[in-house]
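Pasted below: target_25.txt, compact mmCIF, C-alpha atoms.
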# COMPACT_ATOMS: atom_id res chain seq x y z
CA MET A 1 114.34 89.48 108.52
CA MET A 2 112.75 91.26 105.55
CA VAL A 3 114.60 94.59 105.88
CA PRO A 4 118.04 93.01 105.34
CA GLN A 5 116.53 90.82 102.61
CA ALA A 6 115.18 93.91 100.80
CA GLU A 7 118.60 95.55 101.12
CA LYS A 8 120.26 92.45 99.66
CA ILE A 9 117.86 92.44 96.70
CA ALA A 10 118.61 96.11 96.02
CA LEU A 11 122.38 95.58 96.29
CA ASP A 12 122.22 92.49 94.06
CA MET A 13 120.26 94.39 91.40
CA GLY A 14 122.59 97.38 91.59
CA LYS A 15 122.15 101.11 91.35
CA PRO A 16 120.16 103.15 90.71
CA LEU A 17 117.53 100.78 92.16
CA VAL A 18 116.64 101.51 95.78
CA ILE A 19 114.30 99.74 98.16
CA THR A 20 113.20 101.56 101.29
CA VAL A 21 111.24 100.11 104.18
CA GLY A 22 110.03 103.38 105.60
CA ARG A 23 107.07 102.18 107.60
CA MET A 24 106.23 99.16 109.74
CA LEU A 25 103.12 98.72 111.82
CA ILE A 26 103.55 96.07 114.49
CA SER A 27 100.65 94.79 116.56
CA PRO A 28 100.26 94.67 119.45
CA GLY A 29 103.53 96.60 119.58
CA ASN A 30 104.68 95.65 123.08
CA ILE A 31 108.39 95.12 123.52
CA ASN A 32 107.93 91.75 125.23
CA VAL A 33 105.13 90.30 123.07
CA VAL A 34 105.59 88.37 119.84
CA PRO A 35 103.67 90.35 117.23
CA GLY A 36 100.48 88.86 115.84
CA ARG A 37 100.55 91.12 112.81
CA VAL A 38 103.19 93.16 110.98
CA GLU A 39 102.58 95.48 108.08
CA MET A 40 105.66 96.49 106.08
CA TYR A 41 105.73 99.07 103.34
CA PHE A 42 108.39 98.72 100.66
CA ASP A 43 109.12 101.65 98.36
CA ILE A 44 110.96 100.45 95.25
CA ARG A 45 112.40 102.97 92.77
CA ASP A 46 114.52 102.83 89.66
CA LEU A 47 114.71 104.55 86.29
CA SER A 48 113.41 101.36 84.67
CA MET A 49 109.93 100.10 85.46
CA ASP A 50 111.04 96.63 84.32
CA ARG A 51 113.64 96.65 87.10
CA VAL A 52 111.05 97.92 89.59
CA ARG A 53 108.76 95.05 88.65
CA GLU A 54 111.64 92.56 88.95
CA ALA A 55 112.48 93.91 92.40
CA GLN A 56 108.80 93.66 93.37
CA ARG A 57 108.79 90.03 92.25
CA ARG A 58 111.93 89.27 94.28
CA VAL A 59 110.64 91.01 97.41
CA THR A 60 107.31 89.18 97.13
CA GLU A 61 109.12 85.87 96.65
CA ALA A 62 111.33 86.54 99.69
CA CYS A 63 108.29 87.43 101.83
CA GLU A 64 106.47 84.27 100.76
CA LYS A 65 109.54 82.11 101.43
CA ALA A 66 110.06 83.62 104.91
CA ALA A 67 106.36 83.13 105.72
CA ALA A 68 106.41 79.49 104.56
CA GLU A 69 109.54 78.78 106.65
CA ARG A 70 107.84 80.20 109.74
CA GLY A 71 104.35 78.83 109.13
CA VAL A 72 102.73 82.25 109.00
CA LYS A 73 100.48 83.92 106.46
CA VAL A 74 101.68 86.69 104.18
CA THR A 75 99.67 88.94 101.91
CA VAL A 76 101.45 91.18 99.42
CA SER A 77 99.62 94.00 97.69
CA GLU A 78 100.61 96.97 95.61
CA ILE A 79 99.36 100.30 96.87
CA THR A 80 100.68 102.80 94.33
CA THR A 81 102.80 102.73 91.20
CA VAL A 82 104.42 105.87 89.88
CA GLU A 83 106.01 105.49 86.47
CA ALA A 84 109.64 106.54 86.19
CA ARG A 85 110.13 109.48 83.86
CA ALA A 86 113.31 110.58 82.11
CA LEU A 87 114.00 114.28 82.15
CA CYS A 88 115.54 116.37 79.36
CA PRO A 89 119.21 115.39 78.81
CA ALA A 90 119.97 118.64 76.94
CA LEU A 91 118.65 120.72 79.84
CA GLU A 92 120.56 118.58 82.32
CA ASP A 93 123.71 119.14 80.22
CA ARG A 94 123.07 122.88 80.29
CA LEU A 95 122.70 122.87 84.09
CA GLU A 96 125.96 120.92 84.38
CA ALA A 97 127.79 123.33 82.04
CA THR A 98 126.54 126.33 84.01
CA ALA A 99 127.62 124.77 87.30
CA LYS A 100 131.10 124.27 85.79
CA GLU A 101 131.15 127.88 84.58
CA HIS A 102 130.38 128.99 88.14
CA GLY A 103 133.23 126.81 89.45
CA LEU A 104 130.88 124.70 91.55
CA LYS A 105 131.30 121.10 92.56
CA TYR A 106 128.41 119.07 91.23
CA ARG A 107 127.27 115.56 90.51
CA ARG A 108 124.51 114.08 88.43
CA MET A 109 122.10 112.04 90.41
CA MET A 110 118.81 110.29 90.03
CA SER A 111 115.92 111.37 92.16
CA GLY A 112 113.54 108.62 93.05
CA ALA A 113 111.19 111.03 94.74
CA VAL A 114 108.11 112.22 92.90
CA HIS A 115 108.65 115.87 92.10
CA ASP A 116 106.69 118.37 90.03
CA ALA A 117 109.32 117.91 87.29
CA GLN A 118 108.03 114.38 86.75
CA LEU A 119 104.62 115.77 85.83
CA VAL A 120 105.96 118.80 83.95
CA ALA A 121 108.12 116.47 81.83
CA THR A 122 104.95 115.09 80.27
CA LEU A 123 104.30 118.56 78.82
CA THR A 124 107.69 120.17 78.15
CA ASP A 125 111.44 119.95 78.78
CA ALA A 126 112.22 119.52 82.47
CA ALA A 127 115.23 118.92 84.68
CA MET A 128 115.97 119.26 88.38
CA LEU A 129 118.68 121.11 90.24
CA PHE A 130 119.45 120.14 93.82
CA VAL A 131 121.57 122.06 96.29
CA PRO A 132 123.52 120.33 99.06
CA SER A 133 121.75 119.56 102.32
CA ARG A 134 123.75 119.34 105.50
CA GLY A 135 124.47 115.67 106.18
CA GLY A 136 122.67 114.70 102.96
CA ILE A 137 119.37 114.77 104.88
CA SER A 138 116.34 115.26 102.66
CA HIS A 139 112.55 115.23 103.14
CA ASP A 140 112.95 115.52 106.89
CA PRO A 141 112.52 118.32 109.44
CA ALA A 142 116.31 118.19 110.02
CA GLU A 143 116.99 119.08 106.37
CA TRP A 144 119.09 122.23 106.07
CA SER A 145 120.82 123.94 103.15
CA ASP A 146 123.20 126.83 103.74
CA TRP A 147 122.27 130.20 102.27
CA GLU A 148 125.46 130.21 100.17
CA ASP A 149 124.43 126.93 98.54
CA LEU A 150 120.88 128.17 97.95
CA ASN A 151 122.23 131.35 96.36
CA ALA A 152 124.65 129.40 94.15
CA GLY A 153 121.81 127.11 93.06
CA ALA A 154 119.59 130.09 92.23
CA ASP A 155 122.41 131.65 90.18
CA VAL A 156 122.94 128.43 88.23
CA LEU A 157 119.20 128.12 87.60
CA LEU A 158 118.87 131.74 86.44
CA ASP A 159 121.90 131.58 84.13
CA THR A 160 120.75 128.23 82.73
CA LEU A 161 117.28 129.54 81.96
CA VAL A 162 118.64 132.68 80.29
CA LYS A 163 121.03 130.66 78.11
CA TRP A 164 118.33 128.04 77.36
CA ASN A 165 116.00 130.81 76.24
CA GLU A 166 118.72 132.34 74.03
CA GLU A 167 119.35 129.01 72.33
Serialized structure, structure tokens:
Amino acid sequence: MMVPQAEKIALDMGKPLVITVGRMLISPGNINVVPGRVEMYFDIRDLSMDRVREAQRRVTEACEKAAAERGVKVTVSEITTVEARALCPALEDRLEATAKEHGLKYRRMMSGAVHDAQLVATLTDAAMLFVPSRGGISHDPAEWSDWEDLNAGADVLLDTLVKWNEE
């Protein structure tokens, strides 16, 4: 019930907001037994913390409504909050220009994952460069990037850093 509801909230709010239900603990966990307890973990990400908070409010409201309709208890708690951080637009522009110069296909994208760049950006200019992963799989043992893509990414990074330093 709550997974489709979370998806609906994310779709209603629009990109770049994402809501992931990446973990559920169901007890007792037998296929033929109605669970007595379910723990669900929602990961909500967006570039705007106001939108994250609004999504949190909507998810909490949906959980409370579903619980009331079913006569069950729900407890919602926040485990961790990681502030969204904008990276350096000028450095992102430079990466894009270098990718064009190399004749590579590219696209700008938001990363909701917490990367070192998020912490580095508090100290200096930072941006991120991603290379394609087969099937778009990321943060998973099945993730694979072809050597040609890794080499192209390294070339773009090197050329960008050299030009950035010259400017």
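Across A:Leu11, A:Leu91, A:Ala117, A:Val59, the tightest approach to A:Val162 is made by A:Leu91 when counting all atoms listed in the file.
For the pair atom CA of A:Lys15 and atom CA of A:Ile44, the separation is 11.9 Å.
Compared by their closest atoms to A:Arg51, and using all atoms listed in the file, the residues A:Gly22, A:Val131, A:Gly136, A:Asp12 rank with A:Asp12 nearest.
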Using all atoms listed in the file for the distances, tell me which of A:Thr75, A:Ser111, A:Gln5, A:Thr60 is nearest to A:Arg37.
A:Thr75
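The coordinates place atom CA of A:Ala152 at 13.0 Å from atom CA of A:Glu96.
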Interatomic distance between atom CA of A:Glu92 and atom CA of A:Ala127?
5.8 Å
Tell me which protein, DNA and RNA residues are within 9 Å of A:His102, counting only C-alpha atoms, leaving out same-chain ones fewer than 3 positions away, and put them as a PyMOL selection string.
chain A and resi 97-99+152+155-156
Output C-alpha atoms for every residue in the selection just made, as a compact mmCIF listing (two decimals), in the frame of the given file.
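Okay, again.txt is ready:
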# COMPACT_ATOMS: atom_id res chain seq x y z
CA ALA A 97 127.79 123.33 82.04
CA THR A 98 126.54 126.33 84.01
CA ALA A 99 127.62 124.77 87.30
CA ALA A 152 124.65 129.40 94.15
CA ASP A 155 122.41 131.65 90.18
CA VAL A 156 122.94 128.43 88.23
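Look at A:Met2: the protein and nucleic acid residues within 8 Å of it, using only C-alpha atoms and passing over chain neighbours fewer than 3 places away, are Gln5, Ala6, Ala62 and Cys63 of chain A.
Look at A:Leu123: the protein and nucleic acid residues within 12 Å of it, using all atoms listed in the file and passing over chain neighbours fewer than 4 places away, are Arg85, Leu87, Cys88, Asp116, Ala117, Gln118 and Leu119 of chain A.
Using all atoms listed in the file, the nearest neighbour of A:Gln56 within the list A:Lys73, A:Gly36, A:Ile31, A:Ile19 is A:Ile19.
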For A:Leu47, list every protein, DNA or RNA residue within 12 Å, evaluated using all atoms listed in the file, and leave out those in the same chain fewer than 6 positions away; present the list as a CSV table (one decimal) with C-alpha atoms, in the coordinates of the input.
chain,number,residue,atom,x,y,z
A,14,GLY,CA,122.6,97.4,91.6
A,15,LYS,CA,122.2,101.1,91.4
A,16,PRO,CA,120.2,103.2,90.7
A,17,LEU,CA,117.5,100.8,92.2
A,18,VAL,CA,116.6,101.5,95.8
A,53,ARG,CA,108.8,95.0,88.6
A,82,VAL,CA,104.4,105.9,89.9
A,83,GLU,CA,106.0,105.5,86.5
A,84,ALA,CA,109.6,106.5,86.2
A,85,ARG,CA,110.1,109.5,83.9
A,86,ALA,CA,113.3,110.6,82.1
A,87,LEU,CA,114.0,114.3,82.2
A,109,MET,CA,122.1,112.0,90.4
A,110,MET,CA,118.8,110.3,90.0
A,111,SER,CA,115.9,111.4,92.2
A,112,GLY,CA,113.5,108.6,93.0
A,113,ALA,CA,111.2,111.0,94.7
A,118,GLN,CA,108.0,114.4,86.8
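Minimum atom-to-atom distances from A:Thr20, A:Asn32, A:Thr81, A:Ser138 to A:Met49 were compared using all atoms listed in the file, and the lowest value belongs to A:Thr81.
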